file final13.tsv (TSV, C-alpha atoms (C1' of nucleotides))
chain	number	residue	atom	x	y	z
A	1	MET	CA	-4.89	-18.77	38.09
A	2	SER	CA	-8.42	-17.43	38.26
A	3	GLU	CA	-8.17	-16.21	41.84
A	4	ASP	CA	-6.31	-12.97	41.52
A	5	ALA	CA	-5.99	-12.72	45.28
A	6	HIS	CA	-3.52	-15.60	45.03
A	7	CYS	CA	-1.37	-14.04	42.35
A	8	ALA	CA	1.54	-11.96	43.54
A	9	THR	CA	1.96	-10.14	40.22
A	10	CYS	CA	-1.71	-9.24	40.09
A	11	ASP	CA	-1.40	-7.82	43.58
A	12	GLU	CA	1.60	-5.76	42.51
A	13	TRP	CA	-0.27	-4.33	39.55
A	14	LEU	CA	-3.35	-3.57	41.63
A	15	THR	CA	-1.26	-1.92	44.31
A	16	LEU	CA	0.50	0.20	41.72
A	17	LEU	CA	-2.85	1.22	40.26
A	18	GLN	CA	-4.09	2.18	43.70
A	19	ASN	CA	-0.90	4.04	44.59
A	20	SER	CA	-1.26	5.97	41.35
A	21	GLY	CA	-4.61	7.31	42.48
A	22	TYR	CA	-6.85	4.88	40.64
A	23	ARG	CA	-9.63	2.91	42.26
A	24	LEU	CA	-9.75	-0.85	42.36
A	25	THR	CA	-12.90	-1.97	40.61
A	26	ALA	CA	-14.19	-5.32	39.46
A	27	PRO	CA	-13.58	-4.60	35.75
A	28	ARG	CA	-10.01	-3.53	36.43
A	29	ARG	CA	-9.27	-6.61	38.47
A	30	VAL	CA	-10.49	-8.76	35.61
A	31	VAL	CA	-8.38	-6.97	32.98
A	32	VAL	CA	-5.31	-7.10	35.22
A	33	GLU	CA	-5.76	-10.77	35.93
A	34	ILE	CA	-6.01	-11.67	32.24
A	35	MET	CA	-3.11	-9.50	31.13
A	36	VAL	CA	-0.81	-10.75	33.88
A	37	HIS	CA	-1.38	-14.37	32.96
A	38	SER	CA	-1.46	-14.10	29.20
A	39	THR	CA	1.34	-15.80	27.29
A	40	HIS	CA	0.05	-14.54	23.95
A	41	VAL	CA	-0.59	-11.10	22.57
A	42	LEU	CA	-4.19	-10.01	22.95
A	43	GLU	CA	-6.45	-7.73	20.97
A	44	PRO	CA	-8.71	-5.48	23.03
A	45	VAL	CA	-11.73	-7.45	21.82
A	46	GLU	CA	-10.17	-10.75	22.85
A	47	LEU	CA	-9.47	-9.32	26.27
A	48	TYR	CA	-13.07	-8.11	26.37
A	49	ASP	CA	-14.44	-11.54	25.44
A	50	ARG	CA	-12.34	-13.34	28.01
A	51	GLY	CA	-13.14	-10.75	30.60
A	52	ARG	CA	-16.86	-11.26	30.18
A	53	ASP	CA	-16.45	-14.91	31.07
A	54	GLN	CA	-15.40	-13.75	34.51
A	55	PHE	CA	-17.46	-10.58	34.68
A	56	PRO	CA	-20.35	-10.47	32.22
A	57	GLY	CA	-21.05	-6.78	32.74
A	58	LEU	CA	-17.65	-5.75	31.38
A	59	GLY	CA	-17.70	-3.14	28.62
A	60	LEU	CA	-15.26	-2.85	25.75
A	61	VAL	CA	-14.72	0.81	26.53
A	62	THR	CA	-13.50	-0.08	29.99
A	63	VAL	CA	-11.04	-2.52	28.47
A	64	TYR	CA	-9.61	0.29	26.31
A	65	ARG	CA	-9.46	2.69	29.22
A	66	THR	CA	-7.80	0.16	31.50
A	67	LEU	CA	-5.25	-0.80	28.85
A	68	GLU	CA	-4.45	2.88	28.48
A	69	LYS	CA	-3.79	3.25	32.21
A	70	LEU	CA	-1.75	0.06	32.42
A	71	THR	CA	0.30	1.21	29.44
A	72	GLN	CA	0.97	4.57	31.07
A	73	LEU	CA	2.13	2.78	34.21
A	74	GLY	CA	4.50	0.68	32.13
A	75	LEU	CA	2.78	-2.59	32.98
A	76	VAL	CA	1.46	-3.27	29.51
A	77	GLN	CA	2.75	-2.52	26.05
A	78	ARG	CA	1.36	-2.46	22.56
A	79	VAL	CA	2.95	-4.78	20.03
A	80	HIS	CA	3.34	-3.86	16.39
A	81	GLN	CA	3.23	-6.50	13.72
A	82	GLU	CA	3.04	-6.62	9.96
A	83	GLY	CA	-0.62	-7.48	10.06
A	84	GLY	CA	-1.70	-4.90	12.61
A	85	CYS	CA	-0.74	-2.91	15.65
A	86	ASN	CA	-3.63	-3.52	17.98
A	87	VAL	CA	-2.37	-6.25	20.26
A	88	TYR	CA	-1.28	-5.88	23.85
A	89	LEU	CA	1.02	-7.68	26.19
A	90	CYS	CA	2.71	-7.51	29.60
A	91	ALA	CA	5.49	-4.96	29.32
A	92	ALA	CA	9.11	-6.04	29.15
A	93	GLN	CA	11.15	-6.17	32.34
A	94	GLY	CA	13.95	-3.66	31.91
A	95	HIS	CA	15.86	-3.87	28.65
A	96	GLN	CA	14.28	-6.86	27.00
A	97	HIS	CA	13.17	-7.52	23.47
A	98	LEU	CA	10.34	-9.47	22.05
A	99	LEU	CA	10.00	-12.63	20.01
A	100	VAL	CA	6.50	-13.15	18.66
A	101	CYS	CA	5.05	-16.23	17.01
A	102	GLU	CA	3.51	-15.10	13.73
A	103	VAL	CA	0.96	-17.89	13.86
A	104	CYS	CA	-0.46	-17.93	17.39
A	105	GLY	CA	0.96	-14.76	18.93
A	106	LYS	CA	2.82	-16.58	21.68
A	107	ILE	CA	5.59	-14.40	23.01
A	108	VAL	CA	9.01	-14.76	24.57
A	109	TYR	CA	11.14	-12.04	26.07
A	110	PHE	CA	14.88	-12.14	25.87
A	111	SER	CA	17.82	-9.88	26.56
A	112	GLY	CA	21.47	-9.88	25.67
A	113	ASP	CA	21.63	-7.63	22.65
A	114	ASP	CA	24.33	-5.01	22.68
A	115	LEU	CA	23.63	-2.23	20.24
A	116	SER	CA	25.63	0.46	22.00
A	117	ASP	CA	28.44	0.45	19.43
A	118	LEU	CA	26.01	0.61	16.56
A	119	ILE	CA	24.03	3.39	18.22
A	120	ALA	CA	27.16	5.43	18.87
A	121	ARG	CA	28.26	5.01	15.28
A	122	ILE	CA	24.88	5.97	13.87
A	123	ALA	CA	24.66	9.02	16.09
A	124	ALA	CA	28.09	10.16	14.96
A	125	GLN	CA	27.40	9.52	11.30
A	126	THR	CA	23.97	11.10	11.11
A	127	GLY	CA	23.99	13.84	13.73
A	128	TYR	CA	20.72	12.45	15.10
A	129	GLN	CA	20.23	12.37	18.85
A	130	ILE	CA	19.21	8.74	19.35
A	131	ARG	CA	16.38	8.40	21.84
A	132	GLY	CA	15.35	4.80	21.57
A	133	HIS	CA	15.10	1.73	19.44
A	134	TRP	CA	12.85	-1.15	18.64
A	135	LEU	CA	14.23	-4.62	18.22
A	136	GLN	CA	11.70	-7.31	17.70
A	137	PHE	CA	11.89	-10.81	16.28
A	138	PHE	CA	9.25	-12.72	14.39
A	139	GLY	CA	9.09	-16.45	14.01
A	140	VAL	CA	7.10	-19.59	14.49
A	141	CYS	CA	6.97	-21.19	17.90
A	142	ARG	CA	7.55	-24.89	18.47
A	143	ASP	CA	3.84	-25.65	18.80
A	144	CYS	CA	3.02	-23.99	15.48
A	145	GLN	CA	5.82	-25.58	13.43
A	146	GLY	CA	3.96	-28.85	12.84
B	1	MET	CA	12.57	17.02	-9.40
B	2	SER	CA	9.09	17.61	-10.70
B	3	GLU	CA	9.73	16.10	-14.12
B	4	ASP	CA	9.57	12.40	-13.50
B	5	ALA	CA	10.83	11.79	-17.02
B	6	HIS	CA	14.20	13.04	-15.80
B	7	CYS	CA	14.40	10.82	-12.74
B	8	ALA	CA	16.06	7.46	-13.18
B	9	THR	CA	14.53	5.97	-10.03
B	10	CYS	CA	11.04	7.04	-11.06
B	11	ASP	CA	11.61	5.37	-14.40
B	12	GLU	CA	12.70	2.19	-12.65
B	13	TRP	CA	9.58	2.14	-10.50
B	14	LEU	CA	7.31	2.85	-13.44
B	15	THR	CA	8.96	0.15	-15.51
B	16	LEU	CA	8.57	-2.33	-12.70
B	17	LEU	CA	4.91	-1.41	-12.36
B	18	GLN	CA	4.41	-1.92	-16.07
B	19	ASN	CA	6.33	-5.20	-16.12
B	20	SER	CA	4.13	-6.40	-13.29
B	21	GLY	CA	1.07	-5.97	-15.45
B	22	TYR	CA	-0.07	-2.59	-14.18
B	23	ARG	CA	-0.86	0.37	-16.40
B	24	LEU	CA	0.97	3.63	-16.24
B	25	THR	CA	-1.54	6.33	-15.44
B	26	ALA	CA	-1.24	9.95	-14.48
B	27	PRO	CA	-2.20	9.37	-10.79
B	28	ARG	CA	0.36	6.59	-10.47
B	29	ARG	CA	3.11	8.71	-11.97
B	30	VAL	CA	2.36	11.41	-9.43
B	31	VAL	CA	2.40	9.04	-6.44
B	32	VAL	CA	5.61	7.42	-7.64
B	33	GLU	CA	7.30	10.75	-8.18
B	34	ILE	CA	6.46	11.98	-4.67
B	35	MET	CA	7.41	8.74	-2.92
B	36	VAL	CA	10.71	8.42	-4.77
B	37	HIS	CA	11.79	11.91	-3.77
B	38	SER	CA	10.49	12.04	-0.23
B	39	THR	CA	13.06	12.28	2.54
B	40	HIS	CA	10.41	12.11	5.25
B	41	VAL	CA	7.75	9.60	6.11
B	42	LEU	CA	4.39	10.43	4.58
B	43	GLU	CA	0.82	9.75	5.61
B	44	PRO	CA	-1.53	8.77	2.80
B	45	VAL	CA	-3.35	12.09	3.21
B	46	GLU	CA	-0.12	14.06	2.96
B	47	LEU	CA	0.73	12.19	-0.19
B	48	TYR	CA	-2.76	12.95	-1.46
B	49	ASP	CA	-2.43	16.67	-0.72
B	50	ARG	CA	0.94	16.94	-2.40
B	51	GLY	CA	-0.27	14.88	-5.30
B	52	ARG	CA	-3.14	17.23	-5.96
B	53	ASP	CA	-0.72	20.10	-6.41
B	54	GLN	CA	0.56	18.26	-9.47
B	55	PHE	CA	-2.67	16.56	-10.49
B	56	PRO	CA	-5.80	18.13	-9.02
B	57	GLY	CA	-8.06	15.25	-10.00
B	58	LEU	CA	-6.22	12.78	-7.79
B	59	GLY	CA	-8.38	10.81	-5.37
B	60	LEU	CA	-7.40	9.58	-1.93
B	61	VAL	CA	-8.58	6.09	-2.78
B	62	THR	CA	-6.12	5.93	-5.64
B	63	VAL	CA	-3.33	6.93	-3.29
B	64	TYR	CA	-4.21	3.99	-1.03
B	65	ARG	CA	-4.44	1.59	-3.94
B	66	THR	CA	-1.15	2.74	-5.43
B	67	LEU	CA	0.62	2.52	-2.06
B	68	GLU	CA	-0.68	-1.01	-1.76
B	69	LYS	CA	0.77	-1.99	-5.12
B	70	LEU	CA	4.10	-0.27	-4.49
B	71	THR	CA	4.31	-2.04	-1.13
B	72	GLN	CA	3.64	-5.41	-2.74
B	73	LEU	CA	6.41	-4.73	-5.26
B	74	GLY	CA	8.79	-3.93	-2.40
B	75	LEU	CA	9.29	-0.32	-3.47
B	76	VAL	CA	7.53	1.23	-0.51
B	77	GLN	CA	7.21	0.23	3.12
B	78	ARG	CA	5.01	1.18	6.02
B	79	VAL	CA	6.72	2.60	9.08
B	80	HIS	CA	5.51	1.91	12.60
B	81	GLN	CA	5.96	4.48	15.33
B	82	GLU	CA	4.75	4.99	18.86
B	83	GLY	CA	2.23	7.55	17.73
B	84	GLY	CA	0.82	5.63	14.79
B	85	CYS	CA	1.50	3.20	12.00
B	86	ASN	CA	0.11	4.97	8.97
B	87	VAL	CA	3.19	6.50	7.38
B	88	TYR	CA	4.95	5.33	4.26
B	89	LEU	CA	8.42	5.54	2.86
B	90	CYS	CA	10.72	4.25	0.10
B	91	ALA	CA	11.61	0.70	1.00
B	92	ALA	CA	15.05	-0.15	2.34
B	93	GLN	CA	17.73	-1.33	-0.09
B	94	GLY	CA	18.65	-4.85	0.96
B	95	HIS	CA	19.37	-5.32	4.65
B	96	GLN	CA	19.08	-1.81	5.99
B	97	HIS	CA	17.46	-0.39	9.06
B	98	LEU	CA	15.69	2.81	9.73
B	99	LEU	CA	16.40	5.87	11.81
B	100	VAL	CA	13.39	8.18	12.09
B	101	CYS	CA	13.25	11.70	13.47
B	102	GLU	CA	10.46	11.77	16.04
B	103	VAL	CA	9.82	15.44	15.36
B	104	CYS	CA	9.71	15.87	11.59
B	105	GLY	CA	9.76	12.31	10.31
B	106	LYS	CA	13.00	12.72	8.38
B	107	ILE	CA	14.55	9.35	7.77
B	108	VAL	CA	18.00	7.84	7.33
B	109	TYR	CA	18.83	4.31	6.33
B	110	PHE	CA	21.88	2.54	7.66
B	111	SER	CA	23.35	-0.92	7.68
B	112	GLY	CA	26.06	-2.67	9.62
B	113	ASP	CA	24.19	-4.43	12.35
B	114	ASP	CA	25.10	-8.03	12.91
B	115	LEU	CA	22.46	-9.89	14.82
B	116	SER	CA	23.27	-13.35	13.52
B	117	ASP	CA	24.81	-14.54	16.80
B	118	LEU	CA	21.89	-13.23	18.79
B	119	ILE	CA	19.38	-14.78	16.39
B	120	ALA	CA	21.12	-18.15	16.52
B	121	ARG	CA	21.15	-18.05	20.31
B	122	ILE	CA	17.49	-17.10	20.56
B	123	ALA	CA	16.47	-19.80	18.11
B	124	ALA	CA	18.38	-22.41	20.12
B	125	GLN	CA	17.02	-21.22	23.46
B	126	THR	CA	13.38	-20.85	22.48
B	127	GLY	CA	12.83	-23.42	19.75
B	128	TYR	CA	11.26	-20.71	17.60
B	129	GLN	CA	12.01	-20.70	13.91
B	130	ILE	CA	13.14	-17.10	13.44
B	131	ARG	CA	11.74	-15.59	10.26
B	132	GLY	CA	12.58	-11.94	10.51
B	133	HIS	CA	13.27	-8.99	12.71
B	134	TRP	CA	12.62	-5.31	13.04
B	135	LEU	CA	15.36	-2.98	14.14
B	136	GLN	CA	14.45	0.65	14.10
B	137	PHE	CA	15.93	3.69	15.79
B	138	PHE	CA	14.16	6.80	16.95
B	139	GLY	CA	15.78	10.13	17.56
B	140	VAL	CA	15.85	13.80	16.74
B	141	CYS	CA	17.55	14.95	13.57
B	142	ARG	CA	20.03	17.81	13.47
B	143	ASP	CA	17.48	20.29	12.13
B	144	CYS	CA	15.00	19.54	14.91
B	145	GLN	CA	17.46	19.70	17.81
B	146	GLY	CA	17.38	23.51	18.10
C	1	DG	C1'	-20.91	12.27	50.26
C	2	DT	C1'	-18.00	12.99	46.45
C	3	DA	C1'	-15.17	12.14	42.87
C	4	DA	C1'	-13.81	8.55	39.95
C	5	DC	C1'	-15.46	4.83	37.18
C	6	DT	C1'	-18.77	2.38	34.37
C	7	DG	C1'	-21.42	0.98	30.20
C	8	DC	C1'	-24.14	2.47	26.46
C	9	DA	C1'	-24.69	4.93	22.29
C	10	DA	C1'	-22.96	7.97	19.22
C	11	DA	C1'	-19.16	10.10	16.99
C	12	DC	C1'	-14.76	9.76	15.01
C	13	DG	C1'	-10.82	8.93	11.76
C	14	DC	C1'	-8.63	6.04	8.75
C	15	DT	C1'	-9.20	2.57	5.30
C	16	DT	C1'	-11.79	-0.36	2.11
C	17	DT	C1'	-15.52	-1.46	-1.06
C	18	DG	C1'	-19.29	-0.85	-4.74
C	19	DC	C1'	-20.10	1.16	-8.77
C	20	DA	C1'	-20.48	3.73	-13.07
C	21	DC	C1'	-17.44	6.15	-16.03
C	22	DC	C1'	-12.88	6.61	-18.30
C	23	DA	C1'	-8.53	5.69	-20.50
C	24	DA	C1'	-4.17	2.69	-21.35
C	25	DG	C1'	-2.74	-0.86	-24.12
D	1	DC	C1'	-12.04	-2.72	-28.26
D	2	DT	C1'	-11.23	-4.62	-23.83
D	3	DT	C1'	-9.81	-4.64	-19.40
D	4	DG	C1'	-7.83	-2.32	-15.72
D	5	DG	C1'	-7.97	2.06	-13.39
D	6	DT	C1'	-10.37	6.10	-11.56
D	7	DG	C1'	-13.03	9.05	-8.36
D	8	DC	C1'	-17.04	9.49	-5.71
D	9	DA	C1'	-20.00	8.04	-2.11
D	10	DA	C1'	-21.00	4.86	1.20
D	11	DA	C1'	-19.77	1.28	4.25
D	12	DG	C1'	-16.56	-0.80	7.49
D	13	DC	C1'	-13.70	-1.21	11.42
D	14	DG	C1'	-11.27	-0.17	15.55
D	15	DT	C1'	-11.09	3.42	18.82
D	16	DT	C1'	-12.59	7.55	21.43
D	17	DT	C1'	-15.94	10.68	23.51
D	18	DG	C1'	-20.36	12.39	25.87
D	19	DC	C1'	-23.21	11.38	29.33
D	20	DA	C1'	-26.18	9.75	33.06
D	21	DG	C1'	-26.14	6.31	36.47
D	22	DT	C1'	-23.12	3.75	39.78
D	23	DT	C1'	-19.54	2.59	43.07
D	24	DA	C1'	-15.01	2.87	45.66
D	25	DC	C1'	-13.14	5.23	49.17
call {"tool": "encode", "arguments": {"input": "final13.tsv", "output": "structure tokens"}}
result
Amino acid sequence: MSEDAHCATCDEWLTLLQNSGYRLTAPRRVVVEIMVHSTHVLEPVELYDRGRDQFPGLGLVTVYRTLEKLTQLGLVQRVHQEGGCNVYLCAAQGHQHLLVCEVCGKIVYFSGDDLSDLIARIAAQTGYQIRGHWLQFFGVCRDCQG
Amino acid sequence: MSEDAHCATCDEWLTLLQNSGYRLTAPRRVVVEIMVHSTHVLEPVELYDRGRDQFPGLGLVTVYRTLEKLTQLGLVQRVHQEGGCNVYLCAAQGHQHLLVCEVCGKIVYFSGDDLSDLIARIAAQTGYQIRGHWLQFFGVCRDCQG
DNA sequence: GTAACTGCAAACGCTTTGCACCAAG
DNA sequence: CTTGGTGCAAAGCGTTTGCAGTTAC
């Protein structure tokens, strides 16, 4: 878990960063490693705090800048919630949607929705050109139901 | 349009405010009147600017405080978008979802989605207690397609 | 060696709070 | 008359920017 050299997904992310013209630096490796393995949504500050456990010199600004790059590359996404919109997460794989625990932020991806009929109907009714949609579920995970 | 005394919906909102223990003041009437009639999402500052056309003494702080109250009463809702989460809108009527124009912010409400099967399946698969969902569509309205 | 990256400090924009004055009921 | 509401100014918070030193390549 803590040795990113042993994590295939970390390697993929780092390779993609490098192939996109970015350099592989210690702070970036740390951010990548934490994001790849996180099962819960993370605020930038939380990422910063965890990152400093591994790399004490890490700066919060670097966390923001790295999240920005990872988001542009489609590896990370921002999650919007009632209480705030400043948490981040591994991006969905293809057409997946998100289920977030309102208590602890634990997340699950799922697929299987079919909104194509609804989208076609709405487009016809409104004249809007539909470009995208958000479907996101909120709940309480098993661990937080007690 | 500008005479809130002639608008039934404005009267409803103002009555609800009063019945909830709030006083009816000039700034509140202005905010209510603008929100009720807006067909586009509005930032607090936009609301403030428009409000001052009708009531020059209006303060931005009052706009925030009134939006907060209207949101608590379920009359107004915040809308989240890729570019930011600080726009407000009349709340949906019952179980409706939102279609937002990405260019001008013009909004349309619609209903007719049926996610109950999907929700039941996700709850069974994940063990989460599902408490709510967001379904929101983004597109370009007819006026902005040119 | 050079260009990209880093961390710090300062600036920024949006939102909230403290407070004295004012007005609805 | 009393209490809630108001606007101003200042503080707060998360995020971004400027910059000089550092590091990957």
call {"tool": "closest_residue", "arguments": {"input": "final13.tsv", "among": "A:Leu135, A:Cys85, A:Val31, A:Val61", "to": "chain C", "atoms": "only C-alpha atoms (C1' of nucleotides)"}}
result
A:Val61
call {"tool": "atom_distance", "arguments": {"input": "final13.tsv", "atom1": "atom CA of Gly21 of chain A", "atom2": "atom CA of Thr66 of chain A"}}
result
13.5 Å
call {"tool": "interface_residues", "arguments": {"input": "final13.tsv", "of": "chain C", "to": "chain A", "cutoff": "9 Å", "atoms": "all atoms listed in the file", "output": "PyMOL selection string"}}
result
chain C and resi 4-8
call {"tool": "write_last_selection", "arguments": {"input": "final13.tsv", "atoms": "C-alpha atoms (C1' of nucleotides)", "output": "JSON list (two decimals), in the coordinates of the input"}}
result
[["chain", "number", "residue", "atom", "x", "y", "z"],
["C", 4, "DA", "C1'", -13.81, 8.55, 39.95],
["C", 5, "DC", "C1'", -15.46, 4.83, 37.18],
["C", 6, "DT", "C1'", -18.77, 2.38, 34.37],
["C", 7, "DG", "C1'", -21.42, 0.98, 30.20],
["C", 8, "DC", "C1'", -24.14, 2.47, 26.46]]
call {"tool": "residues_around", "arguments": {"input": "final13.tsv", "residues": "segment 86-103 of chain A", "least_positions_apart": "2", "cutoff": "6 Å", "atoms": "only C-alpha atoms (C1' of nucleotides)", "output": "PyMOL selection string"}}
result
chain A and resi 41-43+75-79+84+105-111+136-141
call {"tool": "residues_around", "arguments": {"input": "final13.tsv", "residues": "DT16 of chain D", "least_positions_apart": "2", "cutoff": "12 Å", "atoms": "only C-alpha atoms (C1' of nucleotides)", "output": "PDB file with C-alpha atoms (C1' of nucleotides), in the coordinates of the input"}}
result
ATOM      1  CA  LEU A  60     -15.260  -2.850  25.750  1.00  0.00           C
ATOM      2  CA  VAL A  61     -14.720   0.810  26.530  1.00  0.00           C
ATOM      3  CA  THR A  62     -13.500  -0.080  29.990  1.00  0.00           C
ATOM      4  CA  TYR A  64      -9.610   0.290  26.310  1.00  0.00           C
ATOM      5  CA  ARG A  65      -9.460   2.690  29.220  1.00  0.00           C
ATOM      6  CA  GLU A  68      -4.450   2.880  28.480  1.00  0.00           C
TER       7      GLU A  68
ATOM      8  C1'  DA C  10     -22.960   7.970  19.220  1.00  0.00           C
ATOM      9  C1'  DA C  11     -19.160  10.100  16.990  1.00  0.00           C
ATOM     10  C1'  DC C  12     -14.760   9.760  15.010  1.00  0.00           C
ATOM     11  C1'  DG C  13     -10.820   8.930  11.760  1.00  0.00           C
TER      12       DG C  13
ATOM     13  C1'  DG D  14     -11.270  -0.170  15.550  1.00  0.00           C
ATOM     14  C1'  DG D  18     -20.360  12.390  25.870  1.00  0.00           C
TER      15       DG D  18
END
call {"tool": "atom_distance", "arguments": {"input": "final13.tsv", "atom1": "atom CA of Arg142 of chain B", "atom2": "atom CA of Gln129 of chain A"}}
result
7.7 Å
call {"tool": "closest_residue", "arguments": {"input": "final13.tsv", "among": "A:Ala123, A:Met35, A:Cys10, A:Val45", "to": "chain D", "atoms": "all atoms listed in the file"}}
result
A:Val45
call {"tool": "atom_distance", "arguments": {"input": "final13.tsv", "atom1": "atom CA of Glu33 of chain B", "atom2": "atom CA of Cys7 of chain B"}}
result
8.4 Å
call {"tool": "residues_around", "arguments": {"input": "final13.tsv", "residues": "DT17 of chain C", "least_positions_apart": "6", "cutoff": "10 Å", "atoms": "all atoms listed in the file", "output": "list in words"}}
result
DA10, DA11 and DG12 of chain D
call {"tool": "interface_residues", "arguments": {"input": "final13.tsv", "of": "chain D", "to": "chain A", "cutoff": "12 Å", "atoms": "only C-alpha atoms (C1' of nucleotides)", "output": "ChimeraX atom specification"}}
result
/D:14-17,22-25
call {"tool": "closest_residue", "arguments": {"input": "final13.tsv", "among": "A:Phe55, A:Tyr48, A:Tyr128, A:Trp13", "to": "chain B", "atoms": "all atoms listed in the file"}}
result
A:Tyr128
call {"tool": "residues_near_point", "arguments": {"input": "final13.tsv", "point": "(-8.9, 2.6, 9.1)", "cutoff": "7 Å", "atoms": "all atoms listed in the file", "output": "PyMOL selection string"}}
result
(chain C and resi 14-15) or (chain D and resi 13)
call {"tool": "closest_residue", "arguments": {"input": "final13.tsv", "among": "B:Ser20, B:Thr39, B:Gln54, B:Gln81", "to": "Lys69 of chain B", "atoms": "all atoms listed in the file"}}
result
B:Ser20
